[in-house]
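Next up, work-v7.txt (compact mmCIF, C-alpha atoms):
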# COMPACT_ATOMS: atom_id res chain seq x y z
CA MET E 1 0.00 0.00 0.00
CA SER E 2 1.52 3.32 -0.99
CA HIS E 3 0.02 6.72 -0.28
CA ARG E 4 0.77 9.85 -2.29
CA GLU E 5 0.38 12.04 0.78
CA PRO E 6 1.68 10.96 4.17
CA ILE E 7 -0.69 11.10 7.10
CA SER E 8 0.18 12.76 10.38
CA ALA E 9 -1.29 13.06 13.85
CA LYS E 10 -3.01 16.25 12.68
CA THR E 11 -4.64 14.76 9.57
CA ALA E 12 -8.41 15.28 9.72
CA ALA E 13 -10.78 12.31 9.53
CA ILE E 14 -12.26 13.43 6.20
CA ASP E 15 -8.75 13.57 4.72
CA LEU E 16 -7.88 10.19 6.24
CA ALA E 17 -10.90 8.65 4.52
CA ARG E 18 -9.78 10.11 1.18
CA LEU E 19 -6.14 9.08 1.63
CA LEU E 20 -7.10 5.53 2.59
CA GLY E 21 -8.73 4.99 -0.77
CA GLY E 22 -12.16 6.39 -0.22
CA THR E 23 -14.17 3.34 0.88
CA ASP E 24 -17.74 4.49 0.45
CA PRO E 25 -19.94 4.26 3.52
CA ILE E 26 -22.99 2.01 3.37
CA VAL E 27 -25.98 4.11 4.43
CA VAL E 28 -29.35 2.50 5.19
CA ARG E 29 -32.59 3.44 6.92
CA SER E 30 -33.86 1.78 10.09
CA ASP E 31 -36.82 0.23 8.26
CA ASP E 32 -34.67 -1.27 5.47
CA ALA E 33 -34.94 -5.06 5.24
CA LEU E 34 -31.96 -7.17 6.30
CA GLN E 35 -31.78 -8.57 2.78
CA LEU E 36 -31.14 -5.07 1.41
CA LEU E 37 -28.40 -4.55 4.01
CA ALA E 38 -26.78 -7.84 3.02
CA GLU E 39 -26.93 -6.96 -0.69
CA ARG E 40 -25.28 -3.58 -0.07
CA ALA E 41 -22.61 -5.15 2.14
CA VAL E 42 -21.80 -7.69 -0.60
CA ARG E 43 -21.39 -4.87 -3.14
CA ASN E 44 -19.05 -2.96 -0.81
CA PRO E 45 -17.07 -5.51 1.26
CA ALA E 46 -14.46 -2.96 2.37
CA CYS E 47 -17.08 -1.23 4.51
CA ARG E 48 -17.53 -3.41 7.60
CA VAL E 49 -19.95 -1.18 9.51
CA LEU E 50 -23.25 0.05 8.03
CA SER E 51 -24.60 3.47 8.97
CA VAL E 52 -28.29 3.71 9.84
CA VAL E 53 -29.79 7.16 9.24
CA ASP E 54 -33.12 8.84 9.93
CA ALA E 55 -35.41 10.67 7.48
CA ASP E 56 -33.09 13.71 7.61
CA ASP E 57 -30.07 11.49 6.78
CA ARG E 58 -28.61 11.93 10.27
CA LEU E 59 -26.77 8.98 11.81
CA ILE E 60 -28.88 7.14 14.39
CA GLY E 61 -27.20 3.73 14.64
CA LEU E 62 -24.73 1.21 13.27
CA VAL E 63 -24.90 -2.38 12.07
CA ARG E 64 -21.75 -4.46 12.10
CA VAL E 65 -21.44 -6.67 9.05
CA THR E 66 -20.61 -9.55 11.41
CA GLU E 67 -23.89 -8.96 13.28
CA LEU E 68 -25.77 -8.92 9.98
CA LEU E 69 -24.07 -12.16 8.95
CA ASP E 70 -24.98 -13.81 12.25
CA ASP E 71 -28.57 -12.72 11.87
CA VAL E 72 -28.93 -13.90 8.28
CA PHE E 73 -27.10 -17.14 9.07
CA LEU E 74 -29.47 -17.88 11.97
CA LYS E 75 -32.45 -17.49 9.67
CA VAL E 76 -31.04 -19.53 6.79
CA VAL E 77 -29.37 -22.34 8.78
CA PRO E 78 -31.11 -22.33 12.18
CA GLU E 79 -30.13 -25.92 13.00
CA GLU E 80 -26.48 -24.82 13.19
CA ALA E 81 -27.36 -22.11 15.69
CA LEU E 82 -29.50 -24.40 17.81
CA GLY E 83 -26.54 -26.73 18.30
CA SER E 84 -24.43 -23.90 19.72
CA ILE E 85 -26.92 -22.74 22.37
CA GLU E 86 -25.35 -23.49 25.74
CA ASP E 87 -27.21 -21.33 28.23
CA VAL E 88 -30.18 -19.00 28.73
CA GLU E 89 -28.22 -15.99 27.48
CA ASP E 90 -27.51 -17.76 24.17
CA ALA E 91 -31.17 -18.78 23.88
CA LEU E 92 -32.35 -15.20 24.44
CA ARG E 93 -29.87 -13.87 21.89
CA TYR E 94 -31.09 -16.48 19.37
CA ALA E 95 -34.74 -15.56 20.03
CA GLY E 96 -33.94 -11.89 19.44
CA HIS E 97 -32.35 -12.68 16.10
CA LEU E 98 -35.33 -14.72 14.94
CA GLY E 99 -37.60 -11.69 15.18
CA ALA E 100 -35.19 -9.26 13.53
CA ARG E 101 -36.23 -8.16 10.06
CA THR E 102 -34.90 -4.60 9.65
CA ALA E 103 -31.78 -2.55 10.26
CA GLY E 104 -33.50 -0.96 13.25
CA ASP E 105 -33.97 -4.39 14.82
CA ILE E 106 -30.25 -5.15 14.94
CA MET E 107 -28.59 -1.72 15.02
CA GLN E 108 -26.45 -0.60 17.91
CA PRO E 109 -26.07 2.99 19.12
CA ALA E 110 -24.45 5.46 16.73
CA VAL E 111 -20.71 6.06 17.00
CA SER E 112 -18.81 8.20 14.53
CA VAL E 113 -15.92 10.55 14.05
CA ARG E 114 -16.38 14.12 12.88
CA THR E 115 -14.83 15.40 9.68
CA ASP E 116 -12.34 17.56 11.60
CA ASP E 117 -11.31 14.97 14.22
CA ASP E 118 -7.58 14.31 14.04
CA LEU E 119 -5.85 10.94 13.76
CA ARG E 120 -5.52 10.51 17.53
CA ALA E 121 -9.26 11.09 18.02
CA VAL E 122 -10.07 8.63 15.22
CA PHE E 123 -7.83 5.91 16.69
CA HIS E 124 -9.28 6.55 20.16
CA ARG E 125 -12.90 6.36 18.96
CA LEU E 126 -12.21 3.19 16.96
CA HIS E 127 -10.52 1.52 19.92
CA GLN E 128 -13.17 2.68 22.38
CA SER E 129 -16.04 1.48 20.18
CA GLY E 130 -14.53 -1.93 19.41
CA LEU E 131 -15.64 -1.51 15.79
CA ASN E 132 -13.60 -2.27 12.66
CA GLY E 133 -14.56 1.01 11.03
CA LEU E 134 -16.57 4.13 11.63
CA PRO E 135 -18.61 6.58 9.63
CA VAL E 136 -17.32 10.13 9.33
CA THR E 137 -20.09 12.66 9.97
CA ASP E 138 -20.39 16.35 9.18
CA ALA E 139 -21.51 19.04 11.63
CA ASP E 140 -25.16 18.07 11.04
CA GLY E 141 -24.56 14.37 11.82
CA ARG E 142 -24.80 13.26 8.18
CA VAL E 143 -22.53 10.45 6.97
CA VAL E 144 -19.97 11.75 4.48
CA ALA E 145 -17.24 9.08 4.55
CA TYR E 146 -15.97 5.92 6.21
CA VAL E 147 -12.64 5.05 7.87
CA ASP E 148 -11.48 1.47 8.27
CA GLN E 149 -9.38 0.56 11.31
CA LEU E 150 -6.98 -1.84 9.57
CA GLU E 151 -6.44 0.45 6.57
CA LEU E 152 -5.79 3.35 8.92
CA LEU E 153 -3.36 1.37 11.04
CA MET E 154 -1.43 0.11 8.03
CA ALA E 155 -1.22 3.61 6.54
CA TRP E 156 0.06 4.96 9.86
CA ILE E 157 2.64 2.20 10.12
CA GLU E 158 3.80 2.89 6.58
CA THR E 159 3.96 6.66 7.15
CA THR E 160 5.94 6.35 10.37
CA GLY E 161 8.32 3.72 9.03
CA ARG E 162 7.28 1.24 11.68
CA ASP E 163 6.50 -1.45 9.13
CA VAL E 164 9.73 -3.15 10.22
CA LEU E 165 7.90 -4.09 13.42
CA LEU E 166 5.60 -6.34 11.38
CA THR E 167 8.22 -8.22 9.39
CA PRO E 168 10.32 -11.14 10.61
CA GLU E 169 13.82 -10.33 11.75
CA GLN E 170 16.59 -11.36 9.40
CA ARG E 171 18.53 -14.11 11.06
CA ASP E 172 21.99 -15.14 10.09
CA GLU E 173 22.02 -18.65 8.73
CA PRO E 174 24.12 -20.99 10.86
CA PRO E 175 27.19 -22.24 9.06
CA ALA E 176 26.69 -25.53 7.28

Could you rewrite the structure in this file as structure tokens?
Amino acid sequence: MSHREPISAKTAAIDLARLLGGTDPIVVRSDDALQLLAERAVRNPACRVLSVVDADDRLIGLVRVTELLDDVFLKVVPEEALGSIEDVEDALRYAGHLGARTAGDIMQPAVSVRTDDDLRAVFHRLHQSGLNGLPVTDADGRVVAYVDQLELLMAWIETTGRDVLLTPEQRDEPPA
């Protein structure tokens, strides 16, 4: 991965999204069917968190692609899920998935970074949320971009020259 412009601690989230290759956010409404969410996720696999917006296009929630996969999988192959239920908590989670039909049924609270948040704020919000990516929102709370955690980390490593930390050390071969 090679970037034309290096990123720095002061690079704004909107610029980070552009420099990382511009993965388009997936934006859905709370009443959109899970099938529509799955279709959009398939068309844009680089975006691993879907943004749920209201009628004014303001962010109101998020759907992890992994959560969507779990939900669809439970509906399509329920016998596999039944075999993995080990306690009451698992059974309640399974029951909740069976009734889910829309983005609103499986969304979690909204988390985002603002267009002017710097790199440190983006890393902090990603780490704090436990998500693989986050939408970038403007001052009105509308989704304008998406930043992916792994892409961001790799770009930072490349920019700072710390990529040597991820490669095996060169060892001298013992004499034969």

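Distance check against Glu39 of chain E using all atoms listed in the file: of E:Ala55, E:Val65, E:Ile60, E:Leu16, the minimum falls on E:Val65.
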
What separation in Å, quoted to one decimal, exists between atom CA of Arg43 of chain E and atom CA of Val122 of chain E?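 Computed distance, atom CA of Arg43 of chain E to atom CA of Val122 of chain E, equals 25.4 Å.
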
Using all atoms listed in the file, which protein or nucleic acid residues come within 9 Å of Arg101 of chain E? Drop anything in the same chain fewer than 3 positions from it, and give the result as an MDAnalysis selection string. chainID E and resid 31:35 97:98 104:106

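By chain and then residue number, the residues within 9 Å of Leu50 of chain E are E:Pro25, E:Ile26, E:Val27, E:Val28, E:Leu37, E:Ala41, E:Gly61, E:Leu62, E:Val63, E:Arg64, E:Val65, E:Met107, E:Leu134, E:Pro135, counting all atoms listed in the file and disregarding those fewer than 4 positions away in sequence.
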
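Closest approach to Asp138 of chain E from the set E:Val53, E:Leu152, E:Leu59, E:Ala121 is made by E:Leu59, with distances taken over all atoms listed in the file.
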
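Look at Gly22 of chain E: the protein and nucleic acid residues within 10 Å of it, using only C-alpha atoms and passing over chain neighbours fewer than 2 places away, are E:Ile14, E:Asp15, E:Leu16, E:Ala17, E:Arg18, E:Leu19, E:Leu20, E:Asp24, E:Pro25, E:Ala46, E:Ala145, E:Tyr146, E:Val147, E:Asp148.
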
Top pick for closest residue to Leu36 of chain E, considering E:Thr102, E:Thr137, E:Leu119, E:Ile157 and counting only C-alpha atoms: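 Answer, going by the shortest atom-to-atom distance: E:Thr102.
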
Please list as an mmCIF file with C-alpha atoms, keeping the file's coordinate frame every residue within 8 Å of Lys10 of chain E, counting only C-alpha atoms and excluding residues in the same chain fewer than 3 positions away.
data_model
loop_
_atom_site.group_PDB
_atom_site.id
_atom_site.type_symbol
_atom_site.label_atom_id
_atom_site.label_comp_id
_atom_site.auth_asym_id
_atom_site.auth_seq_id
_atom_site.Cartn_x
_atom_site.Cartn_y
_atom_site.Cartn_z
ATOM 1 C CA ILE E 7 -0.690 11.100 7.100
ATOM 2 C CA ASP E 118 -7.580 14.310 14.040
ATOM 3 C CA LEU E 119 -5.850 10.940 13.760
ATOM 4 C CA ARG E 120 -5.520 10.510 17.530
#

Which distance in Å separates atom CA of Thr23 of chain E and atom CA of Cys47 of chain E, to one decimal?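 Rounded to one decimal, the two atoms are 6.5 Å apart.
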
Would you mind reading off the distance between atom CA of Asn132 of chain E and atom CA of Asp56 of chain E, one decimal, in Å?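 Here the two named atoms are 25.7 Å from each other.
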
Between E:Val113, E:Gly21, E:Arg29, E:Val49, which has the minimum distance to Val144 of chain E (counting only C-alpha atoms)?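 Of E:Val113, E:Gly21, E:Arg29, E:Val49, the one nearest Val144 of chain E is E:Val113, counting only C-alpha atoms.
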
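When all atoms listed in the file are used to measure the gap to Trp156 of chain E, the shortest distance among E:Ala103, E:Ala9, E:Val52, E:Val136 belongs to E:Ala9.
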